Each structure stands twice: as structure tokens, then as C-alpha cells.
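Pasted below: model-v3.cif, mmCIF, C-alpha atoms.
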data_target
loop_
_atom_site.label_atom_id
_atom_site.label_comp_id
_atom_site.auth_asym_id
_atom_site.auth_seq_id
_atom_site.Cartn_x
_atom_site.Cartn_y
_atom_site.Cartn_z
CA MET A 261 21.04 -3.70 -27.37
CA LEU A 262 21.63 -5.59 -24.15
CA ARG A 263 21.55 -9.35 -23.94
CA GLY A 264 21.67 -11.31 -20.72
CA VAL A 265 20.67 -14.53 -19.08
CA VAL A 266 19.34 -14.03 -15.57
CA GLY A 267 16.62 -11.49 -14.90
CA ARG A 268 13.45 -11.17 -12.95
CA ILE A 269 10.21 -9.27 -12.85
CA LYS A 270 9.20 -7.71 -9.58
CA TRP A 271 6.05 -6.26 -8.05
CA GLN A 272 7.35 -4.19 -5.18
CA TYR A 273 9.32 -6.68 -3.06
CA TYR A 274 7.72 -9.76 -4.62
CA GLU A 275 9.34 -11.70 -7.42
CA CYS A 276 6.69 -12.30 -10.09
CA ALA A 277 8.79 -14.10 -12.67
CA ALA A 278 12.22 -15.60 -13.18
CA ILE A 279 13.78 -15.00 -16.57
CA GLU A 280 16.44 -16.99 -18.33
CA GLY A 281 17.54 -15.21 -21.46
CA TYR A 282 16.51 -11.68 -22.33
CA THR A 283 17.15 -8.89 -24.82
CA VAL A 284 16.59 -5.24 -24.07
CA SER A 285 16.72 -2.80 -26.96
CA ARG A 286 15.92 0.81 -27.72
CA ASN A 287 14.54 1.88 -31.07
CA LYS A 288 15.21 5.12 -32.95
CA ARG A 289 12.30 6.82 -31.20
CA GLY A 290 13.91 6.04 -27.83
CA VAL A 291 11.36 3.40 -26.84
CA TRP A 292 12.80 0.56 -24.75
CA SER A 293 11.55 -2.98 -25.28
CA LEU A 294 12.14 -6.38 -23.74
CA THR A 295 11.89 -9.90 -25.11
CA ALA A 296 12.53 -12.68 -22.64
CA THR A 297 12.00 -16.31 -21.77
CA VAL A 298 10.07 -16.84 -18.55
CA VAL A 299 10.97 -19.98 -16.65
CA MET A 300 8.78 -19.46 -13.60
CA SER A 301 5.96 -17.02 -12.91
CA ASP A 302 3.15 -16.21 -10.54
CA ALA A 303 0.03 -15.39 -12.55
CA PHE A 304 -1.55 -13.26 -9.83
CA LYS A 305 1.53 -11.15 -9.23
CA MET A 306 2.18 -10.79 -12.99
CA ALA A 307 -1.27 -9.17 -13.31
CA GLN A 308 -0.44 -6.43 -10.79
CA ALA A 309 1.11 -3.00 -11.28
CA PRO A 310 3.60 -1.46 -11.24
CA LEU A 311 5.98 -4.18 -12.43
CA THR A 312 9.73 -3.76 -12.85
CA PHE A 313 12.18 -5.72 -14.99
CA VAL A 314 15.45 -6.25 -13.11
CA ALA A 315 18.69 -7.35 -14.78
CA THR A 316 21.64 -8.06 -12.52
CA HIS A 317 25.19 -7.08 -13.49
CA ALA A 318 28.56 -7.33 -11.73
CA LYS A 319 28.23 -4.04 -9.85
CA GLY A 320 24.53 -3.97 -9.17
CA GLU A 321 21.42 -4.09 -11.30
CA TRP A 322 19.53 -2.28 -14.00
CA ARG A 323 15.84 -1.74 -13.48
CA TRP A 324 13.22 -0.74 -16.02
CA PRO A 325 9.58 0.00 -15.27
CA ILE A 326 7.30 -2.20 -17.38
CA LEU A 327 4.75 -0.12 -19.27
CA THR A 328 2.94 -2.82 -21.26
CA MET A 329 3.50 -6.56 -21.34
CA THR A 330 2.32 -9.71 -23.05
CA HIS A 331 3.23 -13.11 -21.68
CA ASN A 332 2.49 -16.28 -23.61
CA ARG A 333 2.39 -19.02 -21.00
CA ASP A 334 2.47 -21.74 -23.66
CA THR A 335 5.68 -20.59 -25.33
CA TYR A 336 7.17 -18.97 -22.19
CA GLN A 337 7.84 -15.85 -24.27
CA LEU A 338 7.39 -12.39 -22.84
CA THR A 339 7.48 -9.09 -24.67
CA ALA A 340 7.21 -5.73 -22.99
CA THR A 341 7.68 -2.04 -23.54
CA LEU A 342 9.80 -0.42 -20.87
CA GLY A 343 10.28 3.02 -19.41
CA PRO A 344 13.75 4.59 -19.08
CA PRO A 345 16.20 2.52 -17.00
CA GLU A 346 17.47 3.27 -13.54
CA ASN A 347 20.90 1.95 -12.50
CA ARG A 348 21.42 0.65 -9.00
CA ASN A 349 25.00 0.07 -7.96
CA ARG A 350 26.01 -2.10 -5.05
CA MET B 91 -10.81 -1.27 1.04
CA SER B 92 -9.03 -3.88 -1.08
CA ASP B 93 -9.59 -7.58 -0.54
CA PHE B 94 -5.94 -8.17 -1.41
CA VAL B 95 -2.75 -7.11 0.29
CA THR B 96 -0.80 -4.53 -1.67
CA PRO B 97 2.91 -4.96 -0.95
CA GLU B 98 4.15 -1.96 0.97
CA PRO B 99 7.48 -1.76 2.75
CA GLU B 100 7.79 0.03 6.07
CA ARG B 101 10.97 1.17 7.85
CA LEU B 102 11.30 0.72 11.61
CA THR B 103 14.13 2.42 13.47
CA LEU B 104 16.00 0.49 16.16
CA HIS B 105 17.36 1.96 19.41
CA ASP B 106 20.78 2.87 17.94
CA GLY B 107 19.51 4.44 14.72
CA LYS B 108 19.92 1.32 12.59
CA PHE B 109 16.77 0.23 10.79
CA ILE B 110 14.85 -2.74 9.51
CA ASP B 111 12.60 -2.72 6.44
CA ILE B 112 9.56 -4.94 6.82
CA LYS B 113 6.38 -5.82 5.00
CA LYS B 114 3.62 -3.58 6.26
CA ARG B 115 1.26 -6.52 6.17
CA LEU B 116 1.55 -10.23 5.37
CA ASN B 117 -0.85 -11.68 2.83
CA HIS B 118 -2.81 -14.90 3.39
CA GLY B 119 -0.14 -17.15 1.86
CA GLU B 120 2.65 -15.65 3.91
CA THR B 121 0.58 -15.92 7.08
CA GLU B 122 -0.24 -19.57 6.37
CA ASP B 123 3.44 -20.31 5.64
CA MET B 124 4.37 -18.77 8.98
CA TYR B 125 1.71 -20.75 10.87
CA ALA B 126 2.81 -23.95 9.10
CA LYS B 127 6.32 -23.43 10.41
CA TRP B 128 4.96 -22.97 13.91
CA ALA B 129 2.81 -26.09 13.78
CA PRO B 130 3.18 -28.18 10.62
CA PHE B 131 0.48 -30.67 11.63
CA VAL B 132 -2.79 -29.94 13.36
CA GLU B 133 -5.24 -32.69 14.25
CA ALA B 134 -8.47 -31.83 12.46
CA GLY B 135 -11.50 -31.44 14.66
CA SER B 136 -9.64 -32.26 17.87
CA GLY B 137 -10.37 -28.87 19.41
CA LYS B 138 -6.92 -28.98 20.97
CA ALA B 139 -4.55 -26.06 20.66
CA PRO B 140 -1.77 -26.96 18.20
CA LEU B 141 1.65 -27.82 19.61
CA LEU B 142 4.06 -25.12 18.49
CA GLN B 143 7.65 -25.56 17.40
CA ARG B 144 9.42 -23.47 20.02
CA ARG B 145 12.39 -22.82 17.73
CA GLU B 146 10.22 -21.51 14.89
CA VAL B 147 7.68 -19.23 16.52
CA ARG B 148 9.69 -16.02 16.78
CA THR B 149 12.26 -16.66 14.04
CA SER B 150 9.67 -17.44 11.37
CA LYS B 151 7.70 -14.29 12.22
CA VAL B 152 10.82 -12.16 11.79
CA GLU B 153 11.70 -14.02 8.58
CA ALA B 154 8.18 -13.56 7.19
CA TYR B 155 8.19 -9.79 7.73
CA LEU B 156 11.81 -8.84 7.12
CA LEU B 157 12.79 -7.27 3.79
CA GLY B 158 16.13 -5.72 4.65
CA TRP B 159 18.14 -3.95 7.32
CA SER B 160 21.16 -1.75 7.97
CA LEU B 161 22.82 -4.17 10.39
CA THR B 162 26.59 -4.67 10.30
CA ASN B 163 29.12 -7.25 11.43
CA ASP B 164 31.96 -6.69 13.92
CA GLN B 165 34.04 -5.00 11.20
CA GLY B 166 31.27 -2.54 10.52
CA LYS B 167 30.47 -4.07 7.13
CA PRO B 168 26.85 -4.42 6.02
CA VAL B 169 25.36 -7.89 6.34
CA ALA B 170 23.02 -8.78 3.50
CA MET B 171 19.34 -9.36 4.12
CA THR B 172 17.22 -9.19 0.99
CA SER B 173 14.04 -10.76 -0.35
CA GLU B 174 16.16 -12.24 -3.18
CA MET B 175 18.13 -14.42 -0.74
CA SER B 176 16.99 -18.00 -0.29
CA GLU B 177 14.83 -18.74 2.74
CA ALA B 178 17.61 -20.94 4.15
CA ASP B 179 20.16 -18.11 3.89
CA ARG B 180 17.74 -15.61 5.40
CA VAL B 181 16.98 -17.88 8.35
CA ALA B 182 20.69 -18.69 8.83
CA THR B 183 21.49 -14.96 8.93
CA ILE B 184 18.67 -14.25 11.39
CA ARG B 185 19.86 -17.10 13.59
CA GLY B 186 23.32 -15.50 13.63
CA LEU B 187 22.02 -12.31 15.28
CA SER B 188 22.86 -11.58 18.89
CA PRO B 189 19.91 -12.56 21.14
CA GLU B 190 19.51 -8.91 22.22
CA ARG B 191 19.31 -7.62 18.62
CA PHE B 192 16.92 -10.40 17.65
CA ASP B 193 14.68 -9.61 20.64
CA GLU B 194 14.62 -5.95 19.64
CA ILE B 195 13.69 -6.77 16.03
CA HIS B 196 11.04 -9.26 17.10
CA ALA B 197 9.54 -6.78 19.57
CA ALA B 198 9.49 -4.04 16.90
CA ILE B 199 7.65 -6.36 14.48
CA GLU B 200 5.19 -7.46 17.16
CA ALA B 201 4.46 -3.82 18.02
CA HIS B 202 3.99 -3.03 14.32
CA GLU B 203 1.63 -6.00 13.91
CA THR B 204 -0.42 -4.93 16.94
CA LYS B 205 -0.68 -1.39 15.55
CA MET B 206 -1.76 -2.66 12.10
CA ASN B 207 -4.38 -4.98 13.63
CA ALA B 208 -5.79 -2.09 15.66
CA GLU B 209 -5.93 0.13 12.56
CA ARG B 210 -7.75 -2.55 10.57
CA ALA B 211 -10.19 -3.21 13.41
CA ALA B 212 -10.95 0.51 13.52
CA GLN B 213 -11.46 0.62 9.74
CA LYS B 214 -13.97 -2.23 9.91
CA LYS B 215 -16.14 -0.11 12.20
CA ILE B 216 -16.26 2.72 9.68
CA PRO B 217 -18.84 2.09 6.92
CA ASP B 218 -17.53 2.41 3.36
CA GLY B 219 -20.33 4.70 2.23
CA PRO B 220 -23.45 6.45 3.46
CA PRO B 221 -25.94 4.32 5.41
CA VAL B 222 -28.36 2.47 3.14
CA ASP B 223 -32.04 2.31 3.97
CA ALA B 224 -32.99 -1.32 3.41
CA ALA B 225 -36.50 -0.36 2.27
CA THR B 226 -35.23 1.89 -0.53
CA SER B 227 -32.01 0.17 -1.50
CA SER B 228 -31.92 -0.80 -5.12
CA SER B 229 -31.78 -4.37 -6.24
CA PRO B 230 -28.88 -5.56 -8.32
CA SER B 231 -29.36 -4.76 -12.00
CA PRO B 232 -31.08 -7.53 -13.90
CA VAL B 233 -28.77 -9.44 -16.17
CA THR B 234 -29.60 -8.88 -19.78
CA GLY B 235 -29.16 -11.65 -22.29
CA PRO B 236 -28.87 -15.35 -21.72
CA LEU B 237 -27.22 -16.54 -18.52
CA SER B 238 -26.04 -19.62 -20.25
CA GLY B 239 -26.28 -20.91 -23.73
CA SER B 240 -25.81 -23.97 -25.77
CA VAL B 241 -24.86 -24.35 -29.37
CA ASN B 242 -26.42 -27.80 -29.59
#

Before anything else, please render the file you have as C-alpha cells.
Amino acid sequence: MLRGVVGRIKWQYYECAAIEGYTVSRNKRGVWSLTATVVMSDAFKMAQAPLTFVATHAKGEWRWPILTMTHNRDTYQLTATLGPPENRNR
Amino acid sequence: MSDFVTPEPERLTLHDGKFIDIKKRLNHGETEDMYAKWAPFVEAGSGKAPLLQRREVRTSKVEAYLLGWSLTNDQGKPVAMTSEMSEADRVATIRGLSPERFDEIHAAIEAHETKMNAERAAQKKIPDGPPVDAATSSSPSPVTGPLSGSVN
């Protein structure tokens, strides 16, 4: 399980959403999932594909492709299933 | 042909092998933002050409298109240019370029824009499907069910 604060959701080079507080986990079947709090989002861009969840770390960033996603704009909560991560080092 | 702009990056090579990554095409919002920097206020209905901010015209076009580059400083270290940087930092970095390098980047983007405009103009002349005979073209399907309803 990976917990962090600052993340973002991207559609190609556009930022679709800013995230403050997220948890990424992988279940026994190897399926990755994300729960996060969205503090700012662009509804049009969030409806596009493919979207990527990006979590920054000290040496670069982790990126996961978003496979399915639900975003409750009233509670700011986002849940998503993710594909396998790719690590990008600086 | 989509009515929306799909974000696609494109790499342009500069004279010395370094490169810039740019947006293949700006969308409506990005274009309007760029024009607003050129001329924030336009007198409605005056018919006069807007007065442009000399300082903004070229810089804001480069800033609007630019996604990244392989440019370096005098120690050969990469200088950051990313879409995650704030607009102020991006503009400050662009303003720090040598005039010759800026001119080259601006010219490359202008040439790219001209090429894209020509491609789109050519696409508009090509019909999407086979020609339709107006006398035999089908009408839109009738809508079944109520167009509007009331529970009162």
C-alpha cells in the first residue's frame, strides 16, 4: 500500500485533476486501485481517455494508467482501478 | 474529423540537434488565452484592428505551444521546461533564452502552425463520405415517444 499527499491525473500533457491525499493498493489478485481526494478538476478533461494517475516522489514519479474511475464531485472522492505502474526517474 | 482537439505532442528538431516538444495544435481555450495576452481589451464593434502588446505577441505563442525541450545552460545542464511548471516560471525561463535561440524556436513553431493550417484547409476540401444526392437523402429518423413530458 502506498499513501501520499500530492498527485495528479493527466490526459496526455493536460492536468485534469489535482489530488491531495491518495492511497494506492494492490489486492491478492494483483489488481491496483486508487482512492483519492480531488481538490480541483476539469470535467471535460476527466471524461477523456487515456488518463494517467501520477504520484511524485523524491527521485521522479510513479505513473499508473487509469482503467476505470468514479469521481463524486460532491464529496471530492475518487476511486479508480489502475493498470501496472511505470516508474519515471529524474 | 473530431470537433475537439486531441492533445498530441510533436517534436521539432533545432539546427544543432537539440529539440523542442510542442502541442501539435492549440485548442480554443488555449488560442483565446494567447490572443488575450496579445490584446487584453478590444473595443466591441469598432472595426479597428486591436492594439497588440509588442512584448507578448511572440513570447505568448511560444509559451502556449511549448511542452518541453532539451536546452541546456552554460554548464551543459538541462534547463527545465514542463507543462507542470507555473505559467510565470515558464515565461521567465523563455525570457531568459538568447534572442537567437528564441527566434529559432518561434520560427519553428510558426512554420509548424502554417503546416497544420494548410493540412486542415486541405482536409476541409475532402468530403467525409460519398456524395449525397439531395433528392434521395434520407430524413433524420423520427423521434419515437414523447419529446417532453409532464408529471402534473

Identify, on the basis of all atoms listed in the file, every residue whose closest approach to Ala315 in chain A does not exceed 6 Å; exclude the query and any residue fewer than 6 positions from it along the same chain; express the result as a list in words.
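Counting all atoms listed in the file, the residues come to Gly267, Glu321 and Trp322 of chain A.
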
field: Contacts of range 323-340 of chain A within 9 Å, all atoms listed in the file, excl. fewer than 5 positions in-chain, as a list of chain:residue names
entry: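 The residues that qualify are A:Ile269, A:Trp292, A:Ser293, A:Leu294, A:Thr295, A:Ala296, A:Thr297, A:Val298, A:Val299, A:Met300, A:Ala309, A:Pro310, A:Leu311, A:Thr312, A:Phe313, A:Val314, A:Ala315, A:Thr316, A:Pro345, A:Glu346, A:Asn347, A:Arg348.
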
Can you tell me, as number ranges by chain, what residues are no more than 10 Å from Leu102 in chain B when counting all atoms listed in the file, ignoring any on the same chain fewer than 5 positions away? B: 107-112, 159, 195, 198-199, 202

Q) If you count only C-alpha atoms, which residues fall within 7 Å of range 140-151 of chain B, apart from same-chain ones fewer than 5 positions away, as a list of chain:residue names? A)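 My reading of the contact set: B:Met124, B:Lys127, B:Trp128, B:Ala129, B:Val132, B:His196.
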
Give me a file of those residues, with C-alpha atoms, as a PDB file, keeping the file's coordinate frame.
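And here's part-v9.pdb as it stands now:
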ATOM      1  CA  MET B 124       4.370 -18.770   8.980  1.00  0.00           C
ATOM      2  CA  LYS B 127       6.320 -23.430  10.410  1.00  0.00           C
ATOM      3  CA  TRP B 128       4.960 -22.970  13.910  1.00  0.00           C
ATOM      4  CA  ALA B 129       2.810 -26.090  13.780  1.00  0.00           C
ATOM      5  CA  VAL B 132      -2.790 -29.940  13.360  1.00  0.00           C
ATOM      6  CA  HIS B 196      11.040  -9.260  17.100  1.00  0.00           C
TER       7      HIS B 196
END

Pairwise distance, CA of Glu203 in chain B with CA of Val152 in chain B, equals 11.3 Å
